[in-house]
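Below is input.csv, holding CSV, C-alpha atoms.
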```csv
chain,number,residue,atom,x,y,z
T,24,MET,CA,48.9,129.0,206.4
T,25,SER,CA,51.1,131.8,207.9
T,26,LYS,CA,54.6,132.2,206.6
T,27,LEU,CA,57.3,132.0,209.2
T,28,THR,CA,60.7,133.7,208.6
T,29,LEU,CA,63.7,133.0,210.7
T,30,SER,CA,65.9,136.1,211.2
T,31,MET,CA,69.4,135.6,212.5
T,32,ILE,CA,72.9,137.2,212.9
T,33,VAL,CA,75.9,134.9,212.7
T,34,LYS,CA,79.7,135.3,213.0
T,35,ASN,CA,82.3,132.5,213.1
T,36,GLU,CA,79.7,130.0,214.3
T,37,SER,CA,81.1,126.8,212.7
T,38,GLN,CA,82.5,125.4,216.0
T,39,ARG,CA,79.7,126.6,218.2
T,40,TYR,CA,75.9,126.0,218.0
T,41,LEU,CA,74.9,127.0,214.5
T,42,VAL,CA,74.6,123.4,213.2
T,43,HIS,CA,72.4,122.4,216.2
T,44,ALA,CA,70.2,125.5,215.9
T,45,LEU,CA,69.6,125.3,212.2
T,46,SER,CA,69.0,121.5,212.3
T,47,LYS,CA,66.6,122.0,215.1
T,48,HIS,CA,64.6,124.8,213.5
T,49,ARG,CA,64.7,124.1,209.7
T,50,ASP,CA,61.8,121.7,209.7
T,51,TRP,CA,59.2,124.3,210.6
T,52,ILE,CA,60.4,127.6,209.1
T,53,ASP,CA,59.4,128.8,205.6
T,54,GLU,CA,62.2,131.2,204.9
T,55,ALA,CA,65.4,132.5,206.5
T,56,VAL,CA,67.3,135.8,206.4
T,57,ILE,CA,70.8,135.7,207.8
T,58,ILE,CA,73.3,138.5,208.3
T,59,ASP,CA,76.9,137.2,208.4
T,60,ASP,CA,78.8,139.8,210.4
T,61,GLY,CA,82.3,139.3,209.0
T,62,SER,CA,82.9,135.5,209.5
T,63,THR,CA,86.3,134.2,208.6
T,64,ASP,CA,85.3,130.5,208.8
T,65,ASP,CA,82.7,128.4,206.8
T,66,THR,CA,79.6,129.8,208.7
T,67,VAL,CA,77.9,130.9,205.4
T,68,ALA,CA,78.5,127.5,203.8
T,69,ILE,CA,76.9,125.8,206.8
T,70,CYS,CA,73.9,128.0,206.5
T,71,GLN,CA,73.6,127.3,202.8
T,72,GLU,CA,73.9,123.5,203.3
T,73,LEU,CA,71.6,123.1,206.3
T,74,LEU,CA,68.9,125.4,204.9
T,75,SER,CA,69.0,123.9,201.4
T,76,GLY,CA,65.5,123.8,200.0
T,77,ILE,CA,64.3,126.7,202.0
T,78,PRO,CA,64.3,130.3,200.6
T,79,LEU,CA,67.5,131.8,202.1
T,80,HIS,CA,68.8,135.3,201.9
T,81,VAL,CA,72.4,135.8,203.2
T,82,ILE,CA,73.9,139.2,203.6
T,83,GLN,CA,77.7,139.2,204.2
T,84,ASN,CA,79.4,142.1,206.0
T,85,THR,CA,83.0,142.5,205.0
T,86,GLU,CA,83.7,144.0,208.5
T,87,SER,CA,81.9,143.3,211.8
T,88,ARG,CA,79.3,145.9,212.9
T,89,PHE,CA,78.8,144.5,216.4
T,90,SER,CA,80.6,147.2,218.2
T,91,ASN,CA,77.6,149.3,217.3
T,92,GLU,CA,74.9,146.7,217.8
T,93,VAL,CA,71.9,148.9,217.0
T,94,GLN,CA,73.3,149.5,213.4
T,95,LEU,CA,73.7,145.7,213.0
T,96,ARG,CA,70.2,145.0,214.4
T,97,LYS,CA,68.7,147.7,212.0
T,98,GLN,CA,70.5,146.0,209.1
T,99,GLN,CA,69.0,142.6,210.2
T,100,TRP,CA,65.5,144.2,210.5
T,101,GLU,CA,65.6,145.9,207.1
T,102,ALA,CA,66.9,142.8,205.3
T,103,THR,CA,64.2,140.7,207.0
T,104,ILE,CA,61.3,143.0,206.1
T,105,GLN,CA,62.4,143.1,202.5
T,106,SER,CA,61.6,139.4,202.3
T,107,ASN,CA,57.9,140.3,202.8
T,108,PRO,CA,57.5,138.3,206.1
T,109,GLU,CA,54.3,137.5,207.9
T,110,TRP,CA,55.8,136.3,211.2
T,111,ILE,CA,59.4,136.9,212.1
T,112,LEU,CA,61.2,134.6,214.5
T,113,ASN,CA,64.4,136.4,215.7
T,114,LEU,CA,66.9,134.0,217.2
T,115,ASP,CA,70.7,134.3,217.6
T,116,ALA,CA,72.9,131.5,216.4
T,117,ASP,CA,73.3,130.1,220.0
T,118,GLU,CA,69.6,130.2,220.8
T,119,ILE,CA,67.5,127.1,220.4
T,120,MET,CA,63.7,126.6,221.0
T,121,ASP,CA,62.8,123.8,223.3
T,122,ASP,CA,61.6,120.4,222.0
T,123,GLN,CA,57.9,121.1,222.4
T,124,PHE,CA,57.8,124.1,220.2
T,125,ALA,CA,58.1,122.2,216.9
T,126,ASN,CA,54.6,120.8,217.4
T,127,GLN,CA,53.2,124.1,218.7
T,128,VAL,CA,54.5,126.7,216.4
T,129,ARG,CA,52.2,126.2,213.4
T,130,PRO,CA,48.9,126.2,215.2
T,131,LEU,CA,50.2,129.1,217.3
T,132,ILE,CA,51.0,131.5,214.4
T,133,ASP,CA,48.0,130.4,212.3
T,134,HIS,CA,45.5,131.2,215.0
T,135,CYS,CA,47.2,133.8,217.2
T,136,GLU,CA,45.1,137.0,217.6
T,137,GLN,CA,48.0,138.9,219.2
T,138,ASP,CA,50.9,140.5,217.2
T,139,ALA,CA,53.8,139.4,219.3
T,140,ILE,CA,54.7,136.2,221.1
T,141,TYR,CA,56.9,136.3,224.2
T,142,PHE,CA,59.1,133.5,225.6
T,143,ARG,CA,61.5,133.0,228.5
T,144,LEU,CA,65.2,132.7,227.8
T,145,TYR,CA,67.4,130.5,229.9
T,146,ASP,CA,71.1,131.2,230.1
T,147,MET,CA,72.7,127.8,229.8
T,148,TRP,CA,76.0,127.6,231.8
T,149,ASN,CA,76.8,124.2,230.4
T,150,GLU,CA,75.1,121.6,228.2
T,151,THR,CA,72.6,120.5,230.8
T,152,SER,CA,72.2,123.4,233.3
T,153,TYR,CA,71.2,127.0,233.4
T,154,ARG,CA,72.4,129.7,235.8
T,155,GLU,CA,70.0,131.2,238.3
T,156,ASP,CA,71.1,133.8,240.8
T,157,ALA,CA,70.7,137.5,241.5
T,158,TYR,CA,72.6,138.5,238.4
T,159,TRP,CA,71.2,135.8,236.0
T,160,SER,CA,67.5,135.6,236.2
T,161,ALA,CA,66.4,136.5,232.6
T,162,HIS,CA,64.2,133.4,232.5
T,163,HIS,CA,61.8,134.9,235.0
T,164,THR,CA,60.8,137.5,232.4
T,165,TYR,CA,59.0,137.0,229.1
T,166,ARG,CA,60.5,138.8,226.1
T,167,PRO,CA,59.6,139.1,222.4
T,168,PHE,CA,61.1,136.6,220.0
T,169,LEU,CA,58.2,136.1,217.5
T,170,LEU,CA,56.5,139.0,215.8
T,171,ARG,CA,53.8,139.6,213.2
T,172,TYR,CA,55.1,142.1,210.7
T,173,LYS,CA,52.9,145.1,210.3
T,174,PRO,CA,54.1,147.1,207.3
T,175,ASN,CA,52.5,150.5,208.2
T,176,PHE,CA,53.6,150.6,211.8
T,177,GLY,CA,56.1,153.2,213.0
T,178,TYR,CA,59.2,151.1,214.0
T,179,LEU,CA,61.7,153.0,216.2
T,180,TRP,CA,64.8,151.6,217.9
T,181,ARG,CA,66.5,152.1,221.2
T,182,GLU,CA,69.5,154.0,220.0
T,183,THR,CA,72.2,152.5,222.1
T,184,PRO,CA,75.4,150.8,220.8
T,185,GLN,CA,75.0,147.8,223.1
T,186,HIS,CA,71.9,146.1,224.5
T,187,CYS,CA,69.6,147.8,222.0
T,188,GLY,CA,67.2,144.8,221.7
T,189,ARG,CA,66.6,142.4,218.9
T,190,PHE,CA,63.5,144.2,217.7
T,191,PRO,CA,62.5,147.9,217.4
T,192,ALA,CA,61.6,149.3,220.8
T,193,THR,CA,58.1,150.4,219.6
T,194,ILE,CA,56.9,146.8,219.2
T,195,GLN,CA,56.2,147.1,223.0
T,196,MET,CA,53.0,148.7,221.8
T,197,PHE,CA,51.9,145.4,220.1
T,198,THR,CA,49.3,143.1,221.7
T,199,TYR,CA,51.2,140.1,222.9
T,200,LEU,CA,50.9,136.5,224.2
T,201,CYS,CA,53.2,134.9,226.8
T,202,HIS,CA,53.9,131.3,225.6
T,203,ALA,CA,55.2,128.4,227.7
T,204,ALA,CA,57.9,127.3,225.2
T,205,ARG,CA,61.4,128.2,226.3
T,206,VAL,CA,64.6,129.4,224.6
T,207,LYS,CA,67.9,127.8,225.5
T,208,HIS,CA,70.7,130.3,225.2
T,209,TYR,CA,74.1,128.6,224.9
T,210,GLY,CA,76.2,131.7,224.6
T,211,TRP,CA,77.5,131.3,228.1
T,212,ALA,CA,77.8,127.5,228.1
T,213,LYS,CA,81.6,127.2,227.6
T,214,PRO,CA,84.3,128.8,229.8
T,215,GLU,CA,86.1,130.2,226.7
T,216,ASP,CA,82.9,131.8,225.5
T,217,ARG,CA,82.3,133.5,228.9
T,218,LYS,CA,85.9,134.8,228.9
T,219,ALA,CA,85.5,136.2,225.4
T,220,LYS,CA,82.2,137.9,226.2
T,221,TYR,CA,83.6,139.3,229.4
T,222,GLU,CA,86.5,140.8,227.5
T,223,ARG,CA,84.2,142.1,224.8
T,224,TYR,CA,82.0,143.9,227.3
T,225,MET,CA,85.1,145.4,229.1
T,226,LYS,CA,86.2,146.7,225.7
T,227,LEU,CA,82.8,148.0,224.4
T,228,ASP,CA,81.2,149.1,227.6
T,229,PRO,CA,83.9,149.5,230.3
T,230,ASN,CA,81.8,151.8,232.4
T,231,ALA,CA,78.7,149.6,232.2
T,232,GLN,CA,76.9,152.5,230.6
T,233,TYR,CA,74.5,150.2,228.7
T,234,GLY,CA,74.7,147.1,230.9
T,235,TRP,CA,74.9,146.1,234.6
T,236,LYS,CA,78.4,146.3,236.1
T,237,GLU,CA,77.9,143.7,238.7
T,238,GLN,CA,76.5,141.3,236.1
T,239,TYR,CA,79.5,141.8,233.9
T,240,GLU,CA,81.8,141.0,236.9
T,241,SER,CA,79.8,137.9,237.7
T,242,ILE,CA,80.5,136.4,234.3
T,243,LEU,CA,83.7,134.9,235.5
T,244,ASP,CA,82.3,133.5,238.8
T,245,VAL,CA,84.0,130.1,239.4
T,246,ASP,CA,81.1,128.4,241.2
T,247,PRO,CA,77.8,129.9,240.2
T,248,GLN,CA,74.4,128.5,241.2
T,249,LEU,CA,73.1,126.2,238.5
T,250,VAL,CA,69.8,124.5,237.9
T,251,LYS,CA,69.4,121.3,235.8
T,252,TRP,CA,67.4,121.8,232.6
T,253,GLU,CA,64.4,119.5,232.2
T,254,GLU,CA,62.3,119.3,229.1
```
Can you dump the structure from the file as structure tokens?
Amino acid sequence: MSKLTLSMIVKNESQRYLVHALSKHRDWIDEAVIIDDGSTDDTVAICQELLSGIPLHVIQNTESRFSNEVQLRKQQWEATIQSNPEWILNLDADEIMDDQFANQVRPLIDHCEQDAIYFRLYDMWNETSYREDAYWSAHHTYRPFLLRYKPNFGYLWRETPQHCGRFPATIQMFTYLCHAARVKHYGWAKPEDRKAKYERYMKLDPNAQYGWKEQYESILDVDPQLVKWEE
């Protein structure tokens, strides 16, 4: 049976979606590697409690590294591969696999001939609906979340301080499978979170050097087009 390692970055998640995410995923993961990026709340304690009984490696940064995301993602990667993983599932603390995946994941990784598994990510704009318009259409594209670790492969990163990707860029050379399971991304689901993210992008990437200026501006749209989520 293949070993599945959950890899995650967290920061001040106790009042957000961490409890939901870990409760949803813990039944079918074998190990977890979590980078705590300078939390000042009880995020780490939540991880330890909810993942009790599962091998857990928590690395705590005394200061946040998110202003240079590629360094944080490299830290996450290095900590994860030190755990000797077979398959790595890289999810953020506000990303949750849909209900069907719990019954699909084990036969998927035990018998998959490809080295990467791609899913579609849906940007939830509230608890029940995702956004879909010219600026928010990520769910039309498959992207890697689940990866077979190959120790002797040359892993290189997209060296940008923002939007560097959750995996090294060279995994694009891996054979891959596009899977029907979907990822629900709740990072935009609350007005206060959207406002905080907008302000963060304005601070870290004011000229949209690494992102899309019009998309940044659309974050605060008061009446965006939403589509109801259905399992």
- Task: Would you list the residues near (49.2, 127.4, 201.3), meaning any protein, DNA or RNA residue with an atom at most 12 Å from that point in file coordinates, counting all atoms listed in the file, as JSON, numbers by chain?
- Result: {"T": [24, 25, 26, 53, 133]}
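By only C-alpha atoms, and with residues fewer than 4 positions from region 60-63 of chain T along its chain excluded, the set lying at most 7 Å from it is Ile32, Val33, Lys34, Asn35, Gln83, Asn84, Thr85, Glu86, Ser87 and Arg88 of chain T.
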Pick out the residues sitting within 10 Å of region 227-237 of chain T, and hand them over as a short mmCIF file (atom, residue, chain, number, x, y, z; two decimals) with C-alpha atoms, in the coordinates of the input; count all atoms listed in the file, and ignore anything fewer than 6 positions along from it in its own chain.
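Listed below is the output, part_29.cif:
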```cif
data_model
loop_
_atom_site.label_atom_id
_atom_site.label_comp_id
_atom_site.auth_asym_id
_atom_site.auth_seq_id
_atom_site.Cartn_x
_atom_site.Cartn_y
_atom_site.Cartn_z
CA PHE T 89 78.80 144.50 216.40
CA SER T 90 80.60 147.20 218.20
CA ASN T 91 77.60 149.30 217.30
CA ALA T 157 70.70 137.50 241.50
CA TYR T 158 72.60 138.50 238.40
CA THR T 183 72.20 152.50 222.10
CA PRO T 184 75.40 150.80 220.80
CA GLN T 185 75.00 147.80 223.10
CA HIS T 186 71.90 146.10 224.50
CA CYS T 187 69.60 147.80 222.00
#
```
- Item | Residue among T:Ala44, T:Val206, T:Ile52, T:Cys135 lying closest to Gly76 (chain T), counting all atoms listed in the file | T:Ile52
- Nearest candidate to Met120 (chain T) (options T:Ser46, T:Gln71, T:Asn175, T:Gln99; using only C-alpha atoms): T:Ser46
Please, could N, CA and C atoms be added to region 142-174 of chain T and the result written as a compact mmCIF listing (two decimals), in the coordinates of the input?
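Dumped everything to rebuild38.txt:
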```txt
# COMPACT_ATOMS: atom_id res chain seq x y z
N PHE T 142 58.57 134.72 224.96
CA PHE T 142 59.10 133.50 225.60
C PHE T 142 60.05 133.86 226.69
N ARG T 143 60.41 132.86 227.49
CA ARG T 143 61.50 133.00 228.50
C ARG T 143 62.77 132.46 227.95
N LEU T 144 63.85 133.17 228.20
CA LEU T 144 65.20 132.70 227.80
C LEU T 144 65.99 132.27 228.96
N TYR T 145 66.60 131.10 228.83
CA TYR T 145 67.40 130.50 229.90
C TYR T 145 68.88 130.53 229.49
N ASP T 146 69.71 131.14 230.33
CA ASP T 146 71.10 131.20 230.10
C ASP T 146 71.81 129.92 230.51
N MET T 147 72.07 129.04 229.54
CA MET T 147 72.70 127.80 229.80
C MET T 147 74.17 128.00 230.22
N TRP T 148 74.60 127.42 231.35
CA TRP T 148 76.00 127.60 231.80
C TRP T 148 76.84 126.39 231.49
N ASN T 149 76.20 125.33 231.05
CA ASN T 149 76.80 124.20 230.40
C ASN T 149 75.78 123.49 229.59
N GLU T 150 76.04 122.30 229.09
CA GLU T 150 75.10 121.60 228.20
C GLU T 150 73.81 121.23 228.85
N THR T 151 73.81 121.09 230.17
CA THR T 151 72.60 120.50 230.80
C THR T 151 72.02 121.40 231.92
N SER T 152 72.64 122.55 232.24
CA SER T 152 72.20 123.40 233.30
C SER T 152 72.17 124.84 232.98
N TYR T 153 71.23 125.57 233.55
CA TYR T 153 71.20 127.00 233.40
C TYR T 153 71.55 127.71 234.69
N ARG T 154 71.99 128.95 234.56
CA ARG T 154 72.40 129.70 235.80
C ARG T 154 71.18 130.45 236.32
N GLU T 155 71.10 130.48 237.65
CA GLU T 155 70.00 131.20 238.30
C GLU T 155 70.56 131.80 239.61
N ASP T 156 70.67 133.13 239.63
CA ASP T 156 71.10 133.80 240.80
C ASP T 156 70.66 135.30 240.69
N ALA T 157 71.14 136.15 241.54
CA ALA T 157 70.70 137.50 241.50
C ALA T 157 71.06 138.26 240.22
N TYR T 158 72.14 137.81 239.56
CA TYR T 158 72.60 138.50 238.40
C TYR T 158 72.09 137.79 237.08
N TRP T 159 71.62 136.56 237.20
CA TRP T 159 71.20 135.80 236.00
C TRP T 159 69.83 135.20 236.27
N SER T 160 68.85 136.00 235.94
CA SER T 160 67.50 135.60 236.20
C SER T 160 66.57 136.02 234.99
N ALA T 161 67.15 136.08 233.80
CA ALA T 161 66.40 136.50 232.60
C ALA T 161 65.19 135.59 232.39
N HIS T 162 65.30 134.33 232.81
CA HIS T 162 64.20 133.40 232.50
C HIS T 162 62.97 133.63 233.37
N HIS T 163 63.02 134.57 234.27
CA HIS T 163 61.80 134.90 235.00
C HIS T 163 60.97 135.97 234.28
N THR T 164 61.49 136.45 233.17
CA THR T 164 60.80 137.50 232.40
C THR T 164 60.54 137.05 230.98
N TYR T 165 59.34 137.30 230.50
CA TYR T 165 59.00 137.00 229.10
C TYR T 165 59.49 138.14 228.22
N ARG T 166 60.00 137.79 227.04
CA ARG T 166 60.50 138.80 226.10
C ARG T 166 60.16 138.41 224.69
N PRO T 167 60.05 139.38 223.78
CA PRO T 167 59.60 139.10 222.40
C PRO T 167 60.66 138.39 221.57
N PHE T 168 60.25 137.29 220.95
CA PHE T 168 61.10 136.60 220.00
C PHE T 168 60.35 136.42 218.63
N LEU T 169 59.03 136.43 218.67
CA LEU T 169 58.20 136.10 217.50
C LEU T 169 57.22 137.24 217.27
N LEU T 170 57.23 137.78 216.05
CA LEU T 170 56.50 139.00 215.80
C LEU T 170 55.77 138.94 214.47
N ARG T 171 54.52 139.40 214.49
CA ARG T 171 53.80 139.60 213.20
C ARG T 171 54.19 140.90 212.61
N TYR T 172 54.66 140.87 211.38
CA TYR T 172 55.10 142.10 210.70
C TYR T 172 53.92 142.94 210.28
N LYS T 173 53.90 144.20 210.70
CA LYS T 173 52.90 145.10 210.30
C LYS T 173 53.50 146.26 209.49
N PRO T 174 53.33 146.23 208.17
CA PRO T 174 54.10 147.10 207.30
C PRO T 174 53.91 148.61 207.56
```
